[in-house]
Structure formats: structure tokens, C-alpha cells
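> Input: one structure, supplied below.
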Amino acid sequence: MKILAIVAQKGGSGKTTLAVHMAVCACRQNLRTALIDLDPQGSAHDWNESREDRDKLDAVKAGSGHLAALLKQAQAAGADLVIIDTAPHSDSAAALVAQFSDFILMPCRPARFDLKAIGSTAQIAKLARTPAAVVINAAPRGRLAEEARAALEEQGIVVVDPVLQQRAAYSHAVIDGRSVHEYEPDGKAAAEIDALFAYVRQVMNI
Ligand SMILES: Nc1ncnc2c1ncn2[C@@H]1O[C@H](COP(=O)(O)OP(=O)(O)O)[C@@H](O)[C@H]1O
Ligand SMILES: [Mg+2]
């Protein structure tokens with residue numbers, strides 16, 4: 001069983017968006033997948049609740065104190081992949097998650113304050129010795145994404161190749177519990193998510 005965590009200390013960077021899309025992708029590729037929502041706001045869990053019964057994922061909402069037990073349960077149930085969505089602004093929970101995880105994706109918008117904040121998340125991953133990489137999310141058209149990539153790489157932070165652009169499909173799809181694959185299967189957002197999940201499978205050896 002592999003454990004993928006989505007962590008970024010900044011709210012609104014795209015953690016929940018990534019978590020639910022990685023989870024749907026994994027299910028579509030027939031991986032037994034569990035989604036653990038550690039954010040008290042419970043957005044990923046709510047999203048799953050709003051899905052049709054037959055499409056519901058195996059998702060739970062919990063405090064980080066329950067993480068170890070939930071991971072044991074997932075292992076016993078034969079999960080291939082566990083995806084953990086996390087809350088912003090919680091160093092201690094992020095550190096705990098980082099210790100348990102095999103890989104951390106850190107969504108970051110290509111904007112000044114976001115780029116500054118991602119350093120502390122990268123530091124948490126580093127202290128836990130867990131491999132981690134930034135996904136540039138909600139990039140506008142133009143050079144900003146590549147400028148952000150250069151700035152992050154200069155600080156020694158790994159940035160994945162696929163960039164998620166700012167696309168209405170990401171926010172429209174989740175309104176009624178869908179993913180971009182279910183909203184617009186041949187759209188550009190679905191292709192971005194496929195590319196990102198292919199990277200995740202490769203880097204995590206899944
Ligand atoms: N690539 C994107 N394009 C357009 N909207 C996005 C994108 N990524 C995230 N969003 C929107 O930004 C908001 C914050 O994203 P969310 O995943 O909830 O962030 P977090 O979980 O880190 O707080 C949501 O309304 C979401 O739909
Ligand atoms: Mg969230």
C-alpha cells in the first residue's frame with residue numbers, strides 16, 4: 001500500500017482539488033483507493049457525499065490523531081493507494097502526515113505569497129525525509145508558471161512537469177460531486193490530471 005499526501009500550508013492552493021482528482025484517477029485505473037480527509041472543513045468528504053451512491057469513493061473524515069489507525073484499517077482492507085487531504089495552517093498535523101507518507105504533492109499557485117509560503121511545507125517534508133514535489137496549480141496563461149518553476153527550483157524544490165492551468169472545469173466539476181473526467185472527459189483539465197497521475201504512479205512506483 002502506498003500513501004500519497006497533499007500538503008500545503010496555504011489555504012486555497014488546490015489541495016482538495018488535487019486530492020479528489022487523484023482519487024478518481026486511481027479508481028478509474030482500478031487501484032483500490034482510500035481517501036482520508038484530515039481538514040476539519042471536510043470539503044473532500046462533502047464532495048464524496050454529494051456523489052451518486054454507485055460512484056462514491058471510500059472516503060473518511062477524521063482528525064489527524066486517528067491517522068495511524070485509519071492507515072492500518074486501509075492496509076487490512078487491501079488498499080493499493082491512500083490519498084490524504086490536509087488542512088492548511090497546521091504544522092504539527094502536516095509533520096505527522098509527512099512521516100506516514102511515501103510521497104507528498106504540494107500544490108502552489110504561481111503567485112508571490114504562495115511561492116513564499118511553500119518553503120515551509122517543503123521544509124516539513126524534508127525534515128520527515130519524505131520525497132515531495134510542487135505542482136504548479138491554477139496557472140494563468142503566460143510566463144508566470146515557468147517563472148515560478150525557475151524560482152522554486154533555484155531553492156532546491158522539485159517541481160513536477162505537468163502544470164494545472166486555471167480552468168473553470170476544475171471548479172465547475174466539483175460543485176455536484178464530479179471530477180473533471182466526469183464533467184468534460186476530453187477536456188484539457190482531464191488531460192492535465194492524467195499527466196499528473198501518471199507522474200505520481202511513476203514516482204511512487206505504483
Ligand atoms: N486549476 C484550477 N483552476 C481553477 N480553479 C481552481 C483550480 N484549482 C483550484 N481551484 C479552485 O480554487 C479554490 C480552492 O481550491 P481547493 O482545492 O479547495 O484548495 P485548498 O484545499 O488548498 O484550500 C476552489 O474553489 C477550487 O475549485
Ligand atoms: Mg481543502
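Chain identifiers are assigned as A, B, and so on, following the order in which chains appear in the C-alpha cells; residues are numbered from 1 within each chain, and ligands are numbered from 1 in order of appearance.
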Could you report the residues within 9 Å of ligand 1, using only C-alpha atoms and all ligand atoms, as a compact mmCIF listing (two decimals) with N, CA and C atoms, in the first residue's frame?

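New file selection-v9.txt:
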```
# COMPACT_ATOMS: atom_id res chain seq x y z
N ILE A 6 -1.37 15.22 0.23
CA ILE A 6 -1.45 16.51 -0.44
C ILE A 6 -1.34 17.56 0.65
N VAL A 7 -0.24 18.29 0.66
CA VAL A 7 0.03 19.21 1.77
C VAL A 7 0.46 20.57 1.22
N ALA A 8 -0.09 21.62 1.78
CA ALA A 8 0.39 22.99 1.53
C ALA A 8 -0.16 23.82 2.66
N GLN A 9 0.69 24.61 3.25
CA GLN A 9 0.28 25.37 4.42
C GLN A 9 -0.70 26.49 4.06
N LYS A 10 -0.79 26.80 2.78
CA LYS A 10 -1.65 27.92 2.37
C LYS A 10 -3.03 27.40 1.96
N GLY A 11 -4.08 28.06 2.42
CA GLY A 11 -5.43 27.71 2.00
C GLY A 11 -5.65 28.13 0.55
N GLY A 12 -6.49 27.41 -0.14
CA GLY A 12 -6.87 27.79 -1.50
C GLY A 12 -5.84 27.45 -2.55
N SER A 13 -4.81 26.68 -2.19
CA SER A 13 -3.77 26.39 -3.17
C SER A 13 -4.16 25.25 -4.11
N GLY A 14 -5.14 24.44 -3.69
CA GLY A 14 -5.61 23.36 -4.57
C GLY A 14 -5.46 21.97 -3.98
N LYS A 15 -5.30 21.88 -2.65
CA LYS A 15 -5.12 20.56 -2.02
C LYS A 15 -6.32 19.64 -2.27
N THR A 16 -7.50 20.16 -1.97
CA THR A 16 -8.68 19.31 -2.10
C THR A 16 -8.94 18.97 -3.57
N THR A 17 -8.72 19.95 -4.43
CA THR A 17 -8.88 19.71 -5.87
C THR A 17 -7.98 18.56 -6.31
N LEU A 18 -6.73 18.61 -5.89
CA LEU A 18 -5.79 17.54 -6.26
C LEU A 18 -6.19 16.22 -5.62
N ALA A 19 -6.56 16.26 -4.35
CA ALA A 19 -6.86 15.01 -3.63
C ALA A 19 -8.02 14.27 -4.31
N VAL A 20 -9.09 14.98 -4.60
CA VAL A 20 -10.24 14.27 -5.17
C VAL A 20 -9.94 13.81 -6.61
N ASP A 39 -8.90 17.60 6.89
CA ASP A 39 -9.26 19.01 7.08
C ASP A 39 -10.60 19.10 7.81
N SER A 43 -14.04 19.32 3.06
CA SER A 43 -14.51 19.54 1.68
C SER A 43 -14.42 18.29 0.82
N ALA A 44 -13.37 17.51 0.97
CA ALA A 44 -13.23 16.31 0.14
C ALA A 44 -14.30 15.29 0.53
N ASP A 85 -5.92 14.21 2.19
CA ASP A 85 -6.10 15.65 2.03
C ASP A 85 -5.90 16.29 3.40
N THR A 86 -5.25 17.43 3.43
CA THR A 86 -4.90 18.02 4.72
C THR A 86 -5.40 19.45 4.86
N ALA A 87 -5.38 19.92 6.10
CA ALA A 87 -5.82 21.28 6.41
C ALA A 87 -4.65 22.24 6.22
N PRO A 88 -4.92 23.48 5.89
CA PRO A 88 -3.84 24.48 5.88
C PRO A 88 -3.48 24.89 7.31
N PRO A 107 0.58 21.47 -3.83
CA PRO A 107 0.06 22.41 -4.83
C PRO A 107 0.43 23.85 -4.46
N CYS A 108 0.78 24.61 -5.46
CA CYS A 108 1.19 26.00 -5.22
C CYS A 108 0.75 26.85 -6.40
N ARG A 109 0.08 27.95 -6.11
CA ARG A 109 -0.27 28.88 -7.18
C ARG A 109 0.98 29.69 -7.54
N ILE A 136 2.48 23.12 -9.78
CA ILE A 136 2.02 24.48 -10.01
C ILE A 136 0.56 24.41 -10.45
N ASN A 137 -0.30 25.06 -9.67
CA ASN A 137 -1.74 24.94 -9.89
C ASN A 137 -2.37 26.30 -10.19
N ALA A 138 -3.42 26.23 -10.99
CA ALA A 138 -4.21 27.42 -11.35
C ALA A 138 -3.34 28.48 -12.03
N ALA A 139 -2.49 28.01 -12.92
CA ALA A 139 -1.60 28.94 -13.62
C ALA A 139 -2.38 29.71 -14.68
N PRO A 140 -2.21 31.01 -14.74
CA PRO A 140 -2.82 31.77 -15.82
C PRO A 140 -2.01 31.57 -17.10
N VAL A 163 1.69 21.00 -15.38
CA VAL A 163 1.17 22.21 -14.71
C VAL A 163 -0.34 22.19 -14.86
N LEU A 164 -1.07 22.50 -13.80
CA LEU A 164 -2.53 22.62 -13.93
C LEU A 164 -2.85 24.09 -14.17
N GLN A 165 -3.48 24.36 -15.30
CA GLN A 165 -3.84 25.74 -15.61
C GLN A 165 -5.08 26.15 -14.83
N GLN A 166 -5.29 27.44 -14.76
CA GLN A 166 -6.54 27.97 -14.21
C GLN A 166 -7.65 27.62 -15.21
N ARG A 167 -8.56 26.74 -14.82
CA ARG A 167 -9.62 26.31 -15.74
C ARG A 167 -10.94 26.21 -14.98
N ALA A 168 -11.97 26.76 -15.60
CA ALA A 168 -13.29 26.73 -14.97
C ALA A 168 -13.73 25.30 -14.69
N ALA A 169 -13.29 24.35 -15.51
CA ALA A 169 -13.73 22.95 -15.33
C ALA A 169 -13.41 22.44 -13.92
N TYR A 170 -12.29 22.88 -13.35
CA TYR A 170 -11.92 22.38 -12.02
C TYR A 170 -12.94 22.81 -10.96
N SER A 171 -13.41 24.03 -11.06
CA SER A 171 -14.39 24.45 -10.04
C SER A 171 -15.81 24.03 -10.41
N HIS A 172 -16.13 23.98 -11.70
CA HIS A 172 -17.49 23.57 -12.09
C HIS A 172 -17.74 22.10 -11.76
N ALA A 173 -16.74 21.26 -12.06
CA ALA A 173 -16.94 19.81 -11.91
C ALA A 173 -17.30 19.44 -10.47
N VAL A 174 -16.61 20.06 -9.51
CA VAL A 174 -16.77 19.59 -8.12
C VAL A 174 -18.06 20.07 -7.46
N ILE A 175 -18.76 21.01 -8.10
CA ILE A 175 -19.98 21.56 -7.49
C ILE A 175 -20.97 20.44 -7.15
N ALA A 189 -8.49 19.91 -18.83
CA ALA A 189 -8.26 19.66 -17.40
C ALA A 189 -8.08 18.15 -17.17
```
> May I have the residues within 10 Å of stretch 97-104 of chain A as a PyMOL selection string, using only C-alpha atoms and disregarding those fewer than 6 positions away in the same chain?
chain A and resi 1-8+38+64+67-68+71+82-86+91+121-122+124-134+200+203-204
> Excluding A:Asp55 and any residue of its chain fewer than 6 positions from it, enumerate the residues within 12 Å of it, using only C-alpha atoms, and give them as an MDAnalysis selection string.
chainID A and resid 23:24 27:28 47:49 177:179 182
> Let's have the selection written as a tab-separated table (two decimals), in the first residue's frame, with N, CA and C atoms.

```
chain	number	residue	atom	x	y	z
A	23	ALA	N	-7.74	10.80	-6.52
A	23	ALA	CA	-8.52	9.64	-6.06
A	23	ALA	C	-9.40	9.08	-7.19
A	24	VAL	N	-10.05	9.95	-7.92
A	24	VAL	CA	-10.90	9.48	-9.03
A	24	VAL	C	-10.04	8.80	-10.09
A	27	CYS	N	-9.08	5.32	-8.98
A	27	CYS	CA	-10.21	4.37	-9.09
A	27	CYS	C	-10.45	4.00	-10.55
A	28	ARG	N	-10.38	4.99	-11.42
A	28	ARG	CA	-10.59	4.71	-12.85
A	28	ARG	C	-9.53	3.75	-13.39
A	47	TRP	N	-17.63	16.50	-0.78
A	47	TRP	CA	-17.67	16.26	-2.24
A	47	TRP	C	-18.07	14.81	-2.50
A	48	ASN	N	-17.46	13.90	-1.76
A	48	ASN	CA	-17.77	12.48	-1.97
A	48	ASN	C	-19.21	12.17	-1.59
A	49	GLU	N	-19.69	12.80	-0.51
A	49	GLU	CA	-21.07	12.58	-0.09
A	49	GLU	C	-22.05	13.03	-1.16
A	177	GLY	N	-20.19	17.13	-7.10
A	177	GLY	CA	-19.53	15.87	-6.76
A	177	GLY	C	-18.85	15.17	-7.92
A	178	ARG	N	-18.59	15.88	-8.98
A	178	ARG	CA	-17.91	15.22	-10.09
A	178	ARG	C	-16.43	15.56	-10.11
A	179	SER	N	-15.72	14.89	-11.02
A	179	SER	CA	-14.33	15.24	-11.30
A	179	SER	C	-14.29	15.78	-12.71
A	182	GLU	N	-15.37	13.37	-15.30
A	182	GLU	CA	-16.80	13.10	-15.40
A	182	GLU	C	-17.53	14.30	-15.98
```
> Check stretch 136-205 of chain A with DSSP on the backbone and list each residue it calls strand (DSSP E or B), as a PyMOL selection string.
chain A and resi 136+139+159+165
> Report, in Å to a single decimal, how far apart atom CA of A:Ile36 and atom CA of A:Val160 are.
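We find that atom CA of A:Val160 and atom CA of A:Ile36 lie 23.2 Å from each other.
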> Using only C-alpha atoms, determine which residues lie at most 9 Å from A:Gly78, disregarding the query and same-chain residues fewer than 4 positions distant; provide the list as a list in words.
Met1, Arg32, Gln73 and Ala74 of chain A
> Generate a file of the selected residues that holds N, CA and C atoms, formatted as a short mmCIF file (atom, residue, chain, number, x, y, z; two decimals), in the first residue's frame.

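Below is the file part-v6.cif, written as the result:
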```
data_model
loop_
_atom_site.label_atom_id
_atom_site.label_comp_id
_atom_site.auth_asym_id
_atom_site.auth_seq_id
_atom_site.Cartn_x
_atom_site.Cartn_y
_atom_site.Cartn_z
N MET A 1 0.84 -1.20 0.00
CA MET A 1 0.00 0.00 0.00
C MET A 1 0.88 1.25 0.00
N ARG A 32 -7.29 0.05 -5.79
CA ARG A 32 -8.15 0.14 -4.60
C ARG A 32 -7.68 1.35 -3.81
N GLN A 73 -6.24 0.27 9.04
CA GLN A 73 -7.50 -0.26 8.50
C GLN A 73 -7.43 -0.39 6.98
N ALA A 74 -6.91 0.64 6.34
CA ALA A 74 -6.83 0.62 4.88
C ALA A 74 -5.93 -0.52 4.41
#
```
> Could you write out, as a PyMOL selection string, all the residues of stretch 85-172 of chain A that DSSP marks as helix (DSSP H, G or I)?
chain A and resi 91-100+112-127+144-154+168-172
> Any chance you could export the current selection's C-alpha atoms as a PDB file, in the first residue's frame?

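Saved as selection26.pdb:
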```pdb
ATOM      1  CA  ASP A  91       2.436  22.441  11.072  1.00  0.00           C
ATOM      2  CA  SER A  92       2.016  19.628  13.577  1.00  0.00           C
ATOM      3  CA  ALA A  93      -0.606  17.751  11.535  1.00  0.00           C
ATOM      4  CA  ALA A  94       1.423  18.293   8.363  1.00  0.00           C
ATOM      5  CA  ALA A  95       4.534  16.919  10.063  1.00  0.00           C
ATOM      6  CA  LEU A  96       2.632  13.846  11.218  1.00  0.00           C
ATOM      7  CA  VAL A  97       1.209  13.239   7.749  1.00  0.00           C
ATOM      8  CA  ALA A  98       4.648  13.683   6.214  1.00  0.00           C
ATOM      9  CA  GLN A  99       6.060  10.966   8.466  1.00  0.00           C
ATOM     10  CA  PHE A 100       3.463   8.447   7.368  1.00  0.00           C
ATOM     11  CA  ARG A 112       4.295  35.705  -4.875  1.00  0.00           C
ATOM     12  CA  PHE A 113       2.744  34.968  -1.477  1.00  0.00           C
ATOM     13  CA  ASP A 114       2.100  31.345  -2.389  1.00  0.00           C
ATOM     14  CA  LEU A 115       5.659  30.843  -3.556  1.00  0.00           C
ATOM     15  CA  LYS A 116       6.938  32.254  -0.272  1.00  0.00           C
ATOM     16  CA  ALA A 117       4.660  30.031   1.804  1.00  0.00           C
ATOM     17  CA  ILE A 118       5.521  26.764   0.054  1.00  0.00           C
ATOM     18  CA  GLY A 119       9.037  26.848   1.537  1.00  0.00           C
ATOM     19  CA  SER A 120       7.715  25.904   4.983  1.00  0.00           C
ATOM     20  CA  THR A 121       5.793  22.959   3.531  1.00  0.00           C
ATOM     21  CA  ALA A 122       8.868  21.783   1.657  1.00  0.00           C
ATOM     22  CA  GLN A 123      10.803  22.039   4.930  1.00  0.00           C
ATOM     23  CA  ILE A 124       8.274  19.816   6.728  1.00  0.00           C
ATOM     24  CA  ALA A 125       8.679  17.169   4.016  1.00  0.00           C
ATOM     25  CA  LYS A 126      12.434  17.451   4.193  1.00  0.00           C
ATOM     26  CA  LEU A 127      12.518  17.008   7.985  1.00  0.00           C
ATOM     27  CA  LEU A 144       4.117  33.019 -14.735  1.00  0.00           C
ATOM     28  CA  ALA A 145       4.171  29.238 -14.322  1.00  0.00           C
ATOM     29  CA  GLU A 146       7.613  28.863 -15.817  1.00  0.00           C
ATOM     30  CA  GLU A 147       8.933  31.794 -13.772  1.00  0.00           C
ATOM     31  CA  ALA A 148       7.543  30.146 -10.641  1.00  0.00           C
ATOM     32  CA  ARG A 149       9.171  26.843 -11.618  1.00  0.00           C
ATOM     33  CA  ALA A 150      12.541  28.522 -12.002  1.00  0.00           C
ATOM     34  CA  ALA A 151      12.225  30.320  -8.647  1.00  0.00           C
ATOM     35  CA  LEU A 152      11.276  27.098  -6.835  1.00  0.00           C
ATOM     36  CA  GLU A 153      13.973  25.018  -8.475  1.00  0.00           C
ATOM     37  CA  GLU A 154      16.514  27.622  -7.500  1.00  0.00           C
ATOM     38  CA  ALA A 168     -13.292  26.731 -14.971  1.00  0.00           C
ATOM     39  CA  ALA A 169     -13.726  22.945 -15.326  1.00  0.00           C
ATOM     40  CA  TYR A 170     -11.917  22.384 -12.015  1.00  0.00           C
ATOM     41  CA  SER A 171     -14.385  24.454 -10.042  1.00  0.00           C
ATOM     42  CA  HIS A 172     -17.493  23.569 -12.087  1.00  0.00           C
TER      43      HIS A 172
END
```
